[in-house]
file structure_25.pdb (PDB, C-alpha atoms (C1' of nucleotides))
ATOM      1  CA  MET V 146       0.000   0.000   0.000  1.00  0.00           C
ATOM      2  CA  GLU V 147       2.815   2.272   0.792  1.00  0.00           C
ATOM      3  CA  MET V 148       4.286   1.475  -2.585  1.00  0.00           C
ATOM      4  CA  TYR V 149       1.005   2.297  -4.297  1.00  0.00           C
ATOM      5  CA  GLN V 150       0.699   5.625  -2.516  1.00  0.00           C
ATOM      6  CA  ALA V 151       4.261   6.614  -3.398  1.00  0.00           C
ATOM      7  CA  ALA V 152       3.671   5.865  -7.063  1.00  0.00           C
ATOM      8  CA  ARG V 153       0.324   7.567  -7.109  1.00  0.00           C
ATOM      9  CA  ARG V 154       1.726  10.729  -5.545  1.00  0.00           C
ATOM     10  CA  HIS V 155       4.198  10.870  -8.395  1.00  0.00           C
ATOM     11  CA  PHE V 156       2.043   9.904 -11.356  1.00  0.00           C
ATOM     12  CA  GLY V 157      -1.456  10.751 -10.172  1.00  0.00           C
ATOM     13  CA  HIS V 158      -4.515   8.662 -10.887  1.00  0.00           C
ATOM     14  CA  GLN V 159      -3.934   6.801 -14.135  1.00  0.00           C
ATOM     15  CA  GLY V 160      -7.518   6.102 -15.111  1.00  0.00           C
ATOM     16  CA  TRP V 161      -6.939   2.867 -16.983  1.00  0.00           C
ATOM     17  CA  TRP V 162      -7.746   1.080 -19.250  1.00  0.00           C
ATOM     18  CA  PRO V 163      -6.853   3.315 -22.207  1.00  0.00           C
ATOM     19  CA  GLY V 164      -9.631   2.102 -24.452  1.00  0.00           C
ATOM     20  CA  ASP V 165     -13.250   2.607 -25.225  1.00  0.00           C
ATOM     21  CA  GLY V 166     -15.787  -0.033 -24.272  1.00  0.00           C
ATOM     22  CA  ALA V 167     -15.527  -3.574 -22.995  1.00  0.00           C
ATOM     23  CA  LEU V 168     -14.949  -5.222 -26.365  1.00  0.00           C
ATOM     24  CA  GLU V 169     -12.165  -2.821 -27.283  1.00  0.00           C
ATOM     25  CA  ILE V 170     -10.510  -3.541 -23.951  1.00  0.00           C
ATOM     26  CA  CYS V 171     -10.641  -7.282 -24.599  1.00  0.00           C
ATOM     27  CA  ILE V 172      -9.133  -6.813 -28.037  1.00  0.00           C
ATOM     28  CA  GLY V 173      -6.441  -4.508 -26.666  1.00  0.00           C
ATOM     29  CA  ALA V 174      -5.571  -7.039 -23.966  1.00  0.00           C
ATOM     30  CA  ILE V 175      -4.853  -9.674 -26.601  1.00  0.00           C
ATOM     31  CA  LEU V 176      -3.018  -7.382 -28.996  1.00  0.00           C
ATOM     32  CA  THR V 177      -0.733  -5.888 -26.354  1.00  0.00           C
ATOM     33  CA  GLN V 178       0.892  -9.224 -25.532  1.00  0.00           C
ATOM     34  CA  ASN V 179       4.627  -8.544 -25.418  1.00  0.00           C
ATOM     35  CA  THR V 180       4.054  -5.405 -27.451  1.00  0.00           C
ATOM     36  CA  ASN V 181       4.249  -1.651 -26.993  1.00  0.00           C
ATOM     37  CA  TRP V 182       0.840  -0.046 -26.449  1.00  0.00           C
ATOM     38  CA  LYS V 183       1.474   2.529 -29.199  1.00  0.00           C
ATOM     39  CA  ASN V 184       1.436  -0.256 -31.771  1.00  0.00           C
ATOM     40  CA  VAL V 185      -1.800  -1.589 -30.349  1.00  0.00           C
ATOM     41  CA  GLU V 186      -3.466   1.797 -30.810  1.00  0.00           C
ATOM     42  CA  LYS V 187      -2.662   1.723 -34.510  1.00  0.00           C
ATOM     43  CA  ALA V 188      -4.110  -1.752 -34.874  1.00  0.00           C
ATOM     44  CA  ILE V 189      -7.296  -0.829 -33.034  1.00  0.00           C
ATOM     45  CA  ALA V 190      -7.675   2.233 -35.232  1.00  0.00           C
ATOM     46  CA  ASN V 191      -7.344  -0.031 -38.276  1.00  0.00           C
ATOM     47  CA  LEU V 192     -10.027  -2.371 -36.963  1.00  0.00           C
ATOM     48  CA  LYS V 193     -12.343   0.535 -36.250  1.00  0.00           C
ATOM     49  CA  SER V 194     -12.001   2.084 -39.663  1.00  0.00           C
ATOM     50  CA  ALA V 195     -12.667  -1.324 -41.193  1.00  0.00           C
ATOM     51  CA  GLY V 196     -15.896  -1.450 -39.199  1.00  0.00           C
ATOM     52  CA  LEU V 197     -14.703  -4.395 -37.132  1.00  0.00           C
ATOM     53  CA  MET V 198     -15.575  -3.417 -33.594  1.00  0.00           C
ATOM     54  CA  SER V 199     -18.297  -5.916 -32.860  1.00  0.00           C
ATOM     55  CA  ILE V 200     -18.193  -9.605 -32.032  1.00  0.00           C
ATOM     56  CA  SER V 201     -20.236 -10.624 -35.057  1.00  0.00           C
ATOM     57  CA  ALA V 202     -18.247  -8.458 -37.472  1.00  0.00           C
ATOM     58  CA  ILE V 203     -14.927  -9.916 -36.363  1.00  0.00           C
ATOM     59  CA  HIS V 204     -16.401 -13.388 -36.244  1.00  0.00           C
ATOM     60  CA  SER V 205     -17.264 -13.217 -39.930  1.00  0.00           C
ATOM     61  CA  THR V 206     -13.938 -11.748 -41.028  1.00  0.00           C
ATOM     62  CA  PRO V 207     -11.245 -14.036 -42.456  1.00  0.00           C
ATOM     63  CA  VAL V 208      -8.229 -14.453 -40.248  1.00  0.00           C
ATOM     64  CA  GLU V 209      -5.955 -13.271 -43.084  1.00  0.00           C
ATOM     65  CA  LYS V 210      -7.717  -9.924 -43.238  1.00  0.00           C
ATOM     66  CA  LEU V 211      -7.523  -9.493 -39.472  1.00  0.00           C
ATOM     67  CA  ALA V 212      -3.817 -10.260 -39.584  1.00  0.00           C
ATOM     68  CA  GLU V 213      -3.259  -7.514 -42.129  1.00  0.00           C
ATOM     69  CA  LEU V 214      -5.140  -4.968 -40.022  1.00  0.00           C
ATOM     70  CA  ILE V 215      -3.300  -5.762 -36.805  1.00  0.00           C
ATOM     71  CA  ARG V 216       0.129  -5.958 -38.439  1.00  0.00           C
ATOM     72  CA  PRO V 217       1.588  -3.080 -36.356  1.00  0.00           C
ATOM     73  CA  THR V 218       1.294  -5.103 -33.152  1.00  0.00           C
ATOM     74  CA  GLY V 219       3.792  -7.702 -34.314  1.00  0.00           C
ATOM     75  CA  TYR V 220       3.112 -11.458 -34.130  1.00  0.00           C
ATOM     76  CA  PHE V 221       0.169 -10.568 -36.352  1.00  0.00           C
ATOM     77  CA  ASN V 222      -0.541 -14.053 -37.690  1.00  0.00           C
ATOM     78  CA  ILE V 223      -0.686 -15.655 -34.282  1.00  0.00           C
ATOM     79  CA  LYS V 224      -2.559 -12.747 -32.708  1.00  0.00           C
ATOM     80  CA  ALA V 225      -5.161 -12.826 -35.474  1.00  0.00           C
ATOM     81  CA  ARG V 226      -5.810 -16.457 -34.567  1.00  0.00           C
ATOM     82  CA  ARG V 227      -5.948 -15.629 -30.854  1.00  0.00           C
ATOM     83  CA  LEU V 228      -8.418 -12.834 -31.500  1.00  0.00           C
ATOM     84  CA  LYS V 229     -10.572 -15.146 -33.588  1.00  0.00           C
ATOM     85  CA  ASN V 230     -10.477 -17.799 -30.873  1.00  0.00           C
ATOM     86  CA  PHE V 231     -11.683 -15.324 -28.269  1.00  0.00           C
ATOM     87  CA  ILE V 232     -14.365 -13.887 -30.530  1.00  0.00           C
ATOM     88  CA  LYS V 233     -15.570 -17.333 -31.569  1.00  0.00           C
ATOM     89  CA  HIS V 234     -15.964 -18.361 -27.944  1.00  0.00           C
ATOM     90  CA  ALA V 235     -17.778 -15.142 -27.020  1.00  0.00           C
ATOM     91  CA  TYR V 236     -20.005 -15.368 -30.073  1.00  0.00           C
ATOM     92  CA  GLU V 237     -20.990 -18.945 -29.397  1.00  0.00           C
ATOM     93  CA  THR V 238     -21.760 -18.328 -25.722  1.00  0.00           C
ATOM     94  CA  ALA V 239     -23.207 -14.808 -25.770  1.00  0.00           C
ATOM     95  CA  GLY V 240     -23.805 -13.797 -29.371  1.00  0.00           C
ATOM     96  CA  ASP V 241     -23.025 -10.142 -30.020  1.00  0.00           C
ATOM     97  CA  ASP V 242     -23.363  -9.096 -26.378  1.00  0.00           C
ATOM     98  CA  ILE V 243     -19.971  -8.626 -24.752  1.00  0.00           C
ATOM     99  CA  GLU V 244     -21.517  -7.453 -21.479  1.00  0.00           C
ATOM    100  CA  ALA V 245     -23.506 -10.663 -21.236  1.00  0.00           C
ATOM    101  CA  PHE V 246     -20.383 -12.684 -21.918  1.00  0.00           C
ATOM    102  CA  LEU V 247     -18.530 -10.963 -19.062  1.00  0.00           C
ATOM    103  CA  ASP V 248     -21.427 -11.079 -16.631  1.00  0.00           C
ATOM    104  CA  LYS V 249     -20.612 -14.163 -14.570  1.00  0.00           C
ATOM    105  CA  PRO V 250     -18.747 -14.987 -11.361  1.00  0.00           C
ATOM    106  CA  LEU V 251     -15.072 -14.061 -11.428  1.00  0.00           C
ATOM    107  CA  SER V 252     -13.670 -17.573 -11.044  1.00  0.00           C
ATOM    108  CA  GLU V 253     -15.996 -18.922 -13.703  1.00  0.00           C
ATOM    109  CA  LEU V 254     -15.054 -16.161 -16.133  1.00  0.00           C
ATOM    110  CA  ARG V 255     -11.343 -16.669 -15.456  1.00  0.00           C
ATOM    111  CA  ALA V 256     -11.523 -20.409 -16.072  1.00  0.00           C
ATOM    112  CA  GLU V 257     -13.478 -19.808 -19.245  1.00  0.00           C
ATOM    113  CA  LEU V 258     -10.989 -17.261 -20.563  1.00  0.00           C
ATOM    114  CA  LEU V 259      -8.014 -19.476 -19.728  1.00  0.00           C
ATOM    115  CA  SER V 260      -9.577 -22.310 -21.720  1.00  0.00           C
ATOM    116  CA  ILE V 261      -9.291 -20.211 -24.882  1.00  0.00           C
ATOM    117  CA  SER V 262      -6.064 -20.795 -26.782  1.00  0.00           C
ATOM    118  CA  GLY V 263      -4.168 -17.513 -26.824  1.00  0.00           C
ATOM    119  CA  ILE V 264      -5.554 -16.183 -23.546  1.00  0.00           C
ATOM    120  CA  GLY V 265      -3.055 -16.700 -20.750  1.00  0.00           C
ATOM    121  CA  ARG V 266      -3.164 -15.508 -17.166  1.00  0.00           C
ATOM    122  CA  GLU V 267      -2.240 -11.886 -17.709  1.00  0.00           C
ATOM    123  CA  THR V 268      -4.595 -11.426 -20.638  1.00  0.00           C
ATOM    124  CA  ALA V 269      -7.413 -13.138 -18.749  1.00  0.00           C
ATOM    125  CA  ASP V 270      -6.878 -11.000 -15.659  1.00  0.00           C
ATOM    126  CA  SER V 271      -6.690  -7.823 -17.745  1.00  0.00           C
ATOM    127  CA  ILE V 272     -10.042  -8.644 -19.303  1.00  0.00           C
ATOM    128  CA  ILE V 273     -11.565  -9.507 -15.923  1.00  0.00           C
ATOM    129  CA  LEU V 274     -10.333  -6.360 -14.189  1.00  0.00           C
ATOM    130  CA  TYR V 275     -10.574  -3.762 -16.934  1.00  0.00           C
ATOM    131  CA  ALA V 276     -13.412  -5.008 -19.124  1.00  0.00           C
ATOM    132  CA  ALA V 277     -15.570  -6.861 -16.594  1.00  0.00           C
ATOM    133  CA  GLY V 278     -14.713  -4.649 -13.596  1.00  0.00           C
ATOM    134  CA  LYS V 279     -14.129  -7.546 -11.223  1.00  0.00           C
ATOM    135  CA  PRO V 280     -11.389  -7.580  -8.556  1.00  0.00           C
ATOM    136  CA  THR V 281      -8.466  -9.637  -9.823  1.00  0.00           C
ATOM    137  CA  PHE V 282      -4.866  -8.364  -9.725  1.00  0.00           C
ATOM    138  CA  VAL V 283      -3.068  -8.197 -13.058  1.00  0.00           C
ATOM    139  CA  VAL V 284       0.569  -9.277 -12.840  1.00  0.00           C
ATOM    140  CA  ASP V 285       2.911  -8.323 -15.661  1.00  0.00           C
ATOM    141  CA  ALA V 286       6.608  -8.049 -16.446  1.00  0.00           C
ATOM    142  CA  TYR V 287       6.803  -4.657 -14.717  1.00  0.00           C
ATOM    143  CA  THR V 288       5.098  -5.946 -11.589  1.00  0.00           C
ATOM    144  CA  TYR V 289       7.595  -8.779 -11.355  1.00  0.00           C
ATOM    145  CA  ARG V 290      10.612  -6.566 -11.950  1.00  0.00           C
ATOM    146  CA  ILE V 291       9.587  -3.848  -9.502  1.00  0.00           C
ATOM    147  CA  LEU V 292       8.718  -6.254  -6.681  1.00  0.00           C
ATOM    148  CA  LEU V 293      11.937  -8.168  -7.321  1.00  0.00           C
ATOM    149  CA  ARG V 294      14.107  -5.043  -7.193  1.00  0.00           C
ATOM    150  CA  HIS V 295      12.456  -4.068  -3.925  1.00  0.00           C
ATOM    151  CA  GLY V 296      13.156  -7.451  -2.411  1.00  0.00           C
ATOM    152  CA  LEU V 297       9.456  -8.143  -1.945  1.00  0.00           C
ATOM    153  CA  ILE V 298       9.682 -11.362  -3.941  1.00  0.00           C
ATOM    154  CA  SER V 299      12.475 -13.701  -4.994  1.00  0.00           C
ATOM    155  CA  ASP V 300      13.173 -14.497  -8.632  1.00  0.00           C
ATOM    156  CA  ASP V 301      11.443 -17.873  -8.445  1.00  0.00           C
ATOM    157  CA  TYR V 302       7.997 -16.375  -7.803  1.00  0.00           C
ATOM    158  CA  ASP V 303       5.576 -17.349 -10.547  1.00  0.00           C
ATOM    159  CA  TYR V 304       2.479 -15.525 -11.735  1.00  0.00           C
ATOM    160  CA  GLU V 305       0.014 -17.002  -9.263  1.00  0.00           C
ATOM    161  CA  MET V 306       2.352 -16.480  -6.311  1.00  0.00           C
ATOM    162  CA  ILE V 307       2.762 -12.784  -7.083  1.00  0.00           C
ATOM    163  CA  LYS V 308      -0.966 -12.376  -7.623  1.00  0.00           C
ATOM    164  CA  GLU V 309      -1.650 -14.053  -4.281  1.00  0.00           C
ATOM    165  CA  LEU V 310       0.875 -11.882  -2.483  1.00  0.00           C
ATOM    166  CA  LEU V 311      -0.694  -8.686  -3.798  1.00  0.00           C
ATOM    167  CA  GLU V 312      -4.293  -9.723  -3.297  1.00  0.00           C
ATOM    168  CA  SER V 313      -3.632 -10.890   0.264  1.00  0.00           C
ATOM    169  CA  SER V 314      -1.753  -7.667   1.111  1.00  0.00           C
ATOM    170  CA  LEU V 315      -4.437  -5.304  -0.157  1.00  0.00           C
ATOM    171  CA  PRO V 316      -8.122  -4.660   0.383  1.00  0.00           C
ATOM    172  CA  GLU V 317     -10.155  -6.266  -2.396  1.00  0.00           C
ATOM    173  CA  ASP V 318     -11.118  -3.216  -4.381  1.00  0.00           C
ATOM    174  CA  VAL V 319     -11.570  -2.935  -8.129  1.00  0.00           C
ATOM    175  CA  GLU V 320     -10.499   0.702  -8.284  1.00  0.00           C
ATOM    176  CA  LEU V 321      -7.366   0.003  -6.254  1.00  0.00           C
ATOM    177  CA  PHE V 322      -6.388  -3.055  -8.326  1.00  0.00           C
ATOM    178  CA  ASN V 323      -7.065  -1.100 -11.480  1.00  0.00           C
ATOM    179  CA  ASP V 324      -4.947   1.902 -10.601  1.00  0.00           C
ATOM    180  CA  PHE V 325      -2.202  -0.055  -8.818  1.00  0.00           C
ATOM    181  CA  HIS V 326      -1.498  -2.116 -11.914  1.00  0.00           C
ATOM    182  CA  ALA V 327      -1.453   1.087 -13.950  1.00  0.00           C
ATOM    183  CA  GLN V 328       1.029   2.567 -11.467  1.00  0.00           C
ATOM    184  CA  PHE V 329       3.264  -0.478 -11.848  1.00  0.00           C
ATOM    185  CA  VAL V 330       3.313   0.115 -15.595  1.00  0.00           C
ATOM    186  CA  ALA V 331       4.004   3.830 -15.164  1.00  0.00           C
ATOM    187  CA  VAL V 332       6.894   3.191 -12.784  1.00  0.00           C
ATOM    188  CA  GLY V 333       8.183   0.388 -14.979  1.00  0.00           C
ATOM    189  CA  LYS V 334       8.107   2.375 -18.206  1.00  0.00           C
ATOM    190  CA  ASN V 335       9.784   5.404 -16.712  1.00  0.00           C
ATOM    191  CA  TYR V 336      12.198   4.028 -14.142  1.00  0.00           C
ATOM    192  CA  CYS V 337      12.337   0.266 -13.812  1.00  0.00           C
ATOM    193  CA  ARG V 338      13.909  -0.828 -17.075  1.00  0.00           C
ATOM    194  CA  PRO V 339      15.509  -4.241 -17.647  1.00  0.00           C
ATOM    195  CA  LYS V 340      18.883  -2.573 -17.360  1.00  0.00           C
ATOM    196  CA  PRO V 341      18.621  -0.708 -14.076  1.00  0.00           C
ATOM    197  CA  GLN V 342      17.976   3.006 -14.464  1.00  0.00           C
ATOM    198  CA  CYS V 343      16.359   3.690 -11.127  1.00  0.00           C
ATOM    199  CA  LYS V 344      17.418   7.326 -10.778  1.00  0.00           C
ATOM    200  CA  GLY V 345      14.542   9.482  -9.646  1.00  0.00           C
ATOM    201  CA  CYS V 346      12.189   6.559  -9.192  1.00  0.00           C
ATOM    202  CA  PRO V 347       9.343   7.618  -6.900  1.00  0.00           C
ATOM    203  CA  LEU V 348       9.713   4.319  -5.058  1.00  0.00           C
ATOM    204  CA  GLU V 349      13.431   4.537  -4.484  1.00  0.00           C
ATOM    205  CA  TYR V 350      13.209   5.816  -0.924  1.00  0.00           C
ATOM    206  CA  LEU V 351      11.106   2.811   0.066  1.00  0.00           C
ATOM    207  CA  PRO V 352      12.888   0.166   2.141  1.00  0.00           C
ATOM    208  CA  HIS V 353      14.322  -2.581  -0.050  1.00  0.00           C
ATOM    209  CA  ASP V 354      14.674  -5.116   2.735  1.00  0.00           C
ATOM    210  CA  ILE V 355      11.058  -5.978   3.389  1.00  0.00           C
ATOM    211  CA  HIS V 356      10.433  -9.685   3.183  1.00  0.00           C
ATOM    212  CA  ALA V 357       7.838 -11.119   0.880  1.00  0.00           C
ATOM    213  CA  GLY V 358       4.542 -11.837   2.553  1.00  0.00           C
ATOM    214  CA  GLU V 359       4.604  -8.906   4.937  1.00  0.00           C
ATOM    215  CA  GLU V 360       2.256  -5.995   4.671  1.00  0.00           C
ATOM    216  CA  PHE V 361       3.604  -3.035   2.820  1.00  0.00           C
TER     217      PHE V 361
ATOM    218  C1'  DG I  68      22.463  -2.581 -34.940  1.00  0.00           C
ATOM    219  C1'  DA I  69      21.060  -4.107 -30.424  1.00  0.00           C
ATOM    220  C1'  DC I  70      17.580  -4.028 -27.286  1.00  0.00           C
ATOM    221  C1'  DC I  71      12.992  -3.666 -25.669  1.00  0.00           C
ATOM    222  C1'  DA I  72       7.825  -3.800 -25.559  1.00  0.00           C
ATOM    223  C1'  DG I  73       1.663  -4.317 -20.430  1.00  0.00           C
ATOM    224  C1'  DG I  74       2.759 -13.052 -23.425  1.00  0.00           C
ATOM    225  C1'  DC I  75       1.499 -17.401 -24.953  1.00  0.00           C
ATOM    226  C1'  DA I  76       1.596 -22.097 -26.771  1.00  0.00           C
ATOM    227  C1'  DC I  77       4.179 -25.819 -27.831  1.00  0.00           C
ATOM    228  C1'  DA I  78       8.237 -29.059 -28.049  1.00  0.00           C
ATOM    229  C1'  DT I  79      11.527 -31.349 -25.574  1.00  0.00           C
ATOM    230  C1'  DC I  80      14.097 -33.038 -21.843  1.00  0.00           C
TER     231       DC I  80
ATOM    232  C1'  DG Z 248       7.781 -29.212 -13.851  1.00  0.00           C
ATOM    233  C1'  DA Z 249      11.281 -26.572 -15.725  1.00  0.00           C
ATOM    234  C1'  DT Z 250      13.471 -24.741 -19.681  1.00  0.00           C
ATOM    235  C1'  DG Z 251      13.889 -23.199 -24.571  1.00  0.00           C
ATOM    236  C1'  DT Z 252      11.927 -21.385 -28.811  1.00  0.00           C
ATOM    237  C1'  DG Z 253       8.951 -19.161 -32.421  1.00  0.00           C
ATOM    238  C1'  DC Z 254       6.142 -15.453 -33.218  1.00  0.00           C
ATOM    239  C1'  DA Z 255       7.336  -9.923 -35.813  1.00  0.00           C
ATOM    240  C1'  DT Z 256       6.506  -4.830 -35.863  1.00  0.00           C
ATOM    241  C1'  DG Z 257       8.047  -0.243 -34.362  1.00  0.00           C
ATOM    242  C1'  DG Z 258      10.523   2.931 -31.131  1.00  0.00           C
ATOM    243  C1'  DT Z 259      14.890   4.276 -28.751  1.00  0.00           C
TER     244       DT Z 259
END
call {"tool": "encode", "arguments": {"input": "structure_25.pdb", "output": "structure tokens"}}
result
Amino acid sequence: MEMYQAARRHFGHQGWWPGDGALEICIGAILTQNTNWKNVEKAIANLKSAGLMSISAIHSTPVEKLAELIRPTGYFNIKARRLKNFIKHAYETAGDDIEAFLDKPLSELRAELLSISGIGRETADSIILYAAGKPTFVVDAYTYRILLRHGLISDDYDYEMIKELLESSLPEDVELFNDFHAQFVAVGKNYCRPKPQCKGCPLEYLPHDIHAGEEF
DNA sequence: GACCAGGCACATC
DNA sequence: GATGTGCATGGT
């Protein structure tokens, strides 16, 4: 919590997800896999201008055409398939109604998303938190790196362990989970690079010797 | 030119 | 279960 407050003082409220509507958030979550968000924005703009911002429209579009439109995100062939997989599942279970698709208990939705090829844990949690508005903590490469550098986890922590640590250390609150993850990304982009460049990091005064599992 | 970016599935041991 | 590899564009 202390870490969140320090970041928030520096960056302010982030107001994520940068996207418009639940379906666009789901699409963005898939397209941003291992990819800069700027490239995702271009791809989403391409989809929009092609009139492909509904489940049914994407469902009836050939995967080759989707691949061409999302080219800027990299991995475009595989991501086109992943997007189709997600859309096919949503279409078959909820038709054109993304809200209806997302409207189910968190654990059920998570299991369903994870069963789709191309939706892993981070993508599933991003969809659950930012599109469905349910309290799950999104762990990403920045989260791992920042917690590691602060000695809050060891390098053998996997995704579920980090998620558990954060969720058990914080009040279960959608707004908090939402903005905290956004703060992790803001800190990570600006200060916590793979090659350490921690100068000026708003978290740098925080103690680095706290042991994992303790409140912070 | 090297390195990085809000991962994931699959092969192999 | 852990480790390695392919996927690919665009910015610094």
call {"tool": "atom_distance", "arguments": {"input": "structure_25.pdb", "atom1": "C1' of DA72 (chain I)", "atom2": "CA of Gly333 (chain V)"}}
result
11.4 Å
call {"tool": "resolve_selection", "arguments": {"input": "structure_25.pdb", "expression": "the PyMOL selection byres ((chain I and resi 68) around 12)", "output": "list in words"}}
result
DA69 and DC70 of chain I; DT259 of chain Z
call {"tool": "resolve_selection", "arguments": {"input": "structure_25.pdb", "expression": "the PyMOL selection byres ((chain V) within 8 of (chain I))", "output": "compact mmCIF listing (two decimals) with C-alpha atoms, in the coordinates of the input"}}
result
# COMPACT_ATOMS: atom_id res chain seq x y z
CA THR V 177 -0.73 -5.89 -26.35
CA GLN V 178 0.89 -9.22 -25.53
CA ASN V 179 4.63 -8.54 -25.42
CA THR V 180 4.05 -5.40 -27.45
CA ASN V 181 4.25 -1.65 -26.99
CA TRP V 182 0.84 -0.05 -26.45
CA SER V 262 -6.06 -20.80 -26.78
CA GLY V 263 -4.17 -17.51 -26.82
CA ILE V 264 -5.55 -16.18 -23.55
CA GLY V 265 -3.06 -16.70 -20.75
CA GLU V 267 -2.24 -11.89 -17.71
CA ASP V 285 2.91 -8.32 -15.66
CA ALA V 286 6.61 -8.05 -16.45
CA TYR V 287 6.80 -4.66 -14.72
CA VAL V 330 3.31 0.12 -15.60
call {"tool": "closest_atom_pairs", "arguments": {"input": "structure_25.pdb", "of": "chain V", "to": "chain Z", "cutoff": "6 Å", "atoms": "all atoms listed in the file", "output": "tab-separated table"}}
result
residue	atom	partner	partner_atom	distance
V:Pro217	CA	Z:DT256	C1'	5.2
V:Thr218	CA	Z:DT256	C1'	5.9
V:Gly219	CA	Z:DT256	C1'	4.2
V:Tyr220	CA	Z:DA255	C1'	4.8
call {"tool": "axis_aligned_box", "arguments": {"input": "structure_25.pdb", "around": "chain I", "padding_each_side": "3 Å", "output": "JSON"}}
result
{"center_x": 12.0, "center_y": -17.8, "center_z": -27.7, "size_x": 27.0, "size_y": 36.5, "size_z": 20.5}
call {"tool": "resolve_selection", "arguments": {"input": "structure_25.pdb", "expression": "the PyMOL selection byres ((chain V and resi 156) around 9)", "output": "PyMOL selection string"}}
result
chain V and resi 151-155+157-159+328+331-332+347
call {"tool": "write_last_selection", "arguments": {"input": "structure_25.pdb", "atoms": "C-alpha atoms", "output": "PDB file, in the frame of the given file"}}
result
ATOM      1  CA  ALA V 151       4.261   6.614  -3.398  1.00  0.00           C
ATOM      2  CA  ALA V 152       3.671   5.865  -7.063  1.00  0.00           C
ATOM      3  CA  ARG V 153       0.324   7.567  -7.109  1.00  0.00           C
ATOM      4  CA  ARG V 154       1.726  10.729  -5.545  1.00  0.00           C
ATOM      5  CA  HIS V 155       4.198  10.870  -8.395  1.00  0.00           C
ATOM      6  CA  GLY V 157      -1.456  10.751 -10.172  1.00  0.00           C
ATOM      7  CA  HIS V 158      -4.515   8.662 -10.887  1.00  0.00           C
ATOM      8  CA  GLN V 159      -3.934   6.801 -14.135  1.00  0.00           C
ATOM      9  CA  GLN V 328       1.029   2.567 -11.467  1.00  0.00           C
ATOM     10  CA  ALA V 331       4.004   3.830 -15.164  1.00  0.00           C
ATOM     11  CA  VAL V 332       6.894   3.191 -12.784  1.00  0.00           C
ATOM     12  CA  PRO V 347       9.343   7.618  -6.900  1.00  0.00           C
TER      13      PRO V 347
END
call {"tool": "atom_distance", "arguments": {"input": "structure_25.pdb", "atom1": "CA of Asp248 (chain V)", "atom2": "CA of Ala277 (chain V)"}}
result
7.2 Å
call {"tool": "atom_distance", "arguments": {"input": "structure_25.pdb", "atom1": "CA of Ile172 (chain V)", "atom2": "CA of Ile272 (chain V)"}}
result
9.0 Å
call {"tool": "closest_residue", "arguments": {"input": "structure_25.pdb", "among": "V:Cys337, V:Ile298, V:Ile175, V:Leu274", "to": "Trp162 (chain V)", "atoms": "all atoms listed in the file"}}
result
V:Leu274
call {"tool": "residues_around", "arguments": {"input": "structure_25.pdb", "residues": "Arg294 (chain V)", "least_positions_apart": "2", "cutoff": "12 Å", "atoms": "all atoms listed in the file", "output": "PyMOL selection string"}}
result
chain V and resi 287-292+296-300+333+336-343+346+348-349+351-357
call {"tool": "residues_near_point", "arguments": {"input": "structure_25.pdb", "point": "(-12.2, -0.4, -5.2)", "cutoff": "12 Å", "atoms": "all atoms listed in the file", "output": "PyMOL selection string"}}
result
chain V and resi 274+278-282+315-325
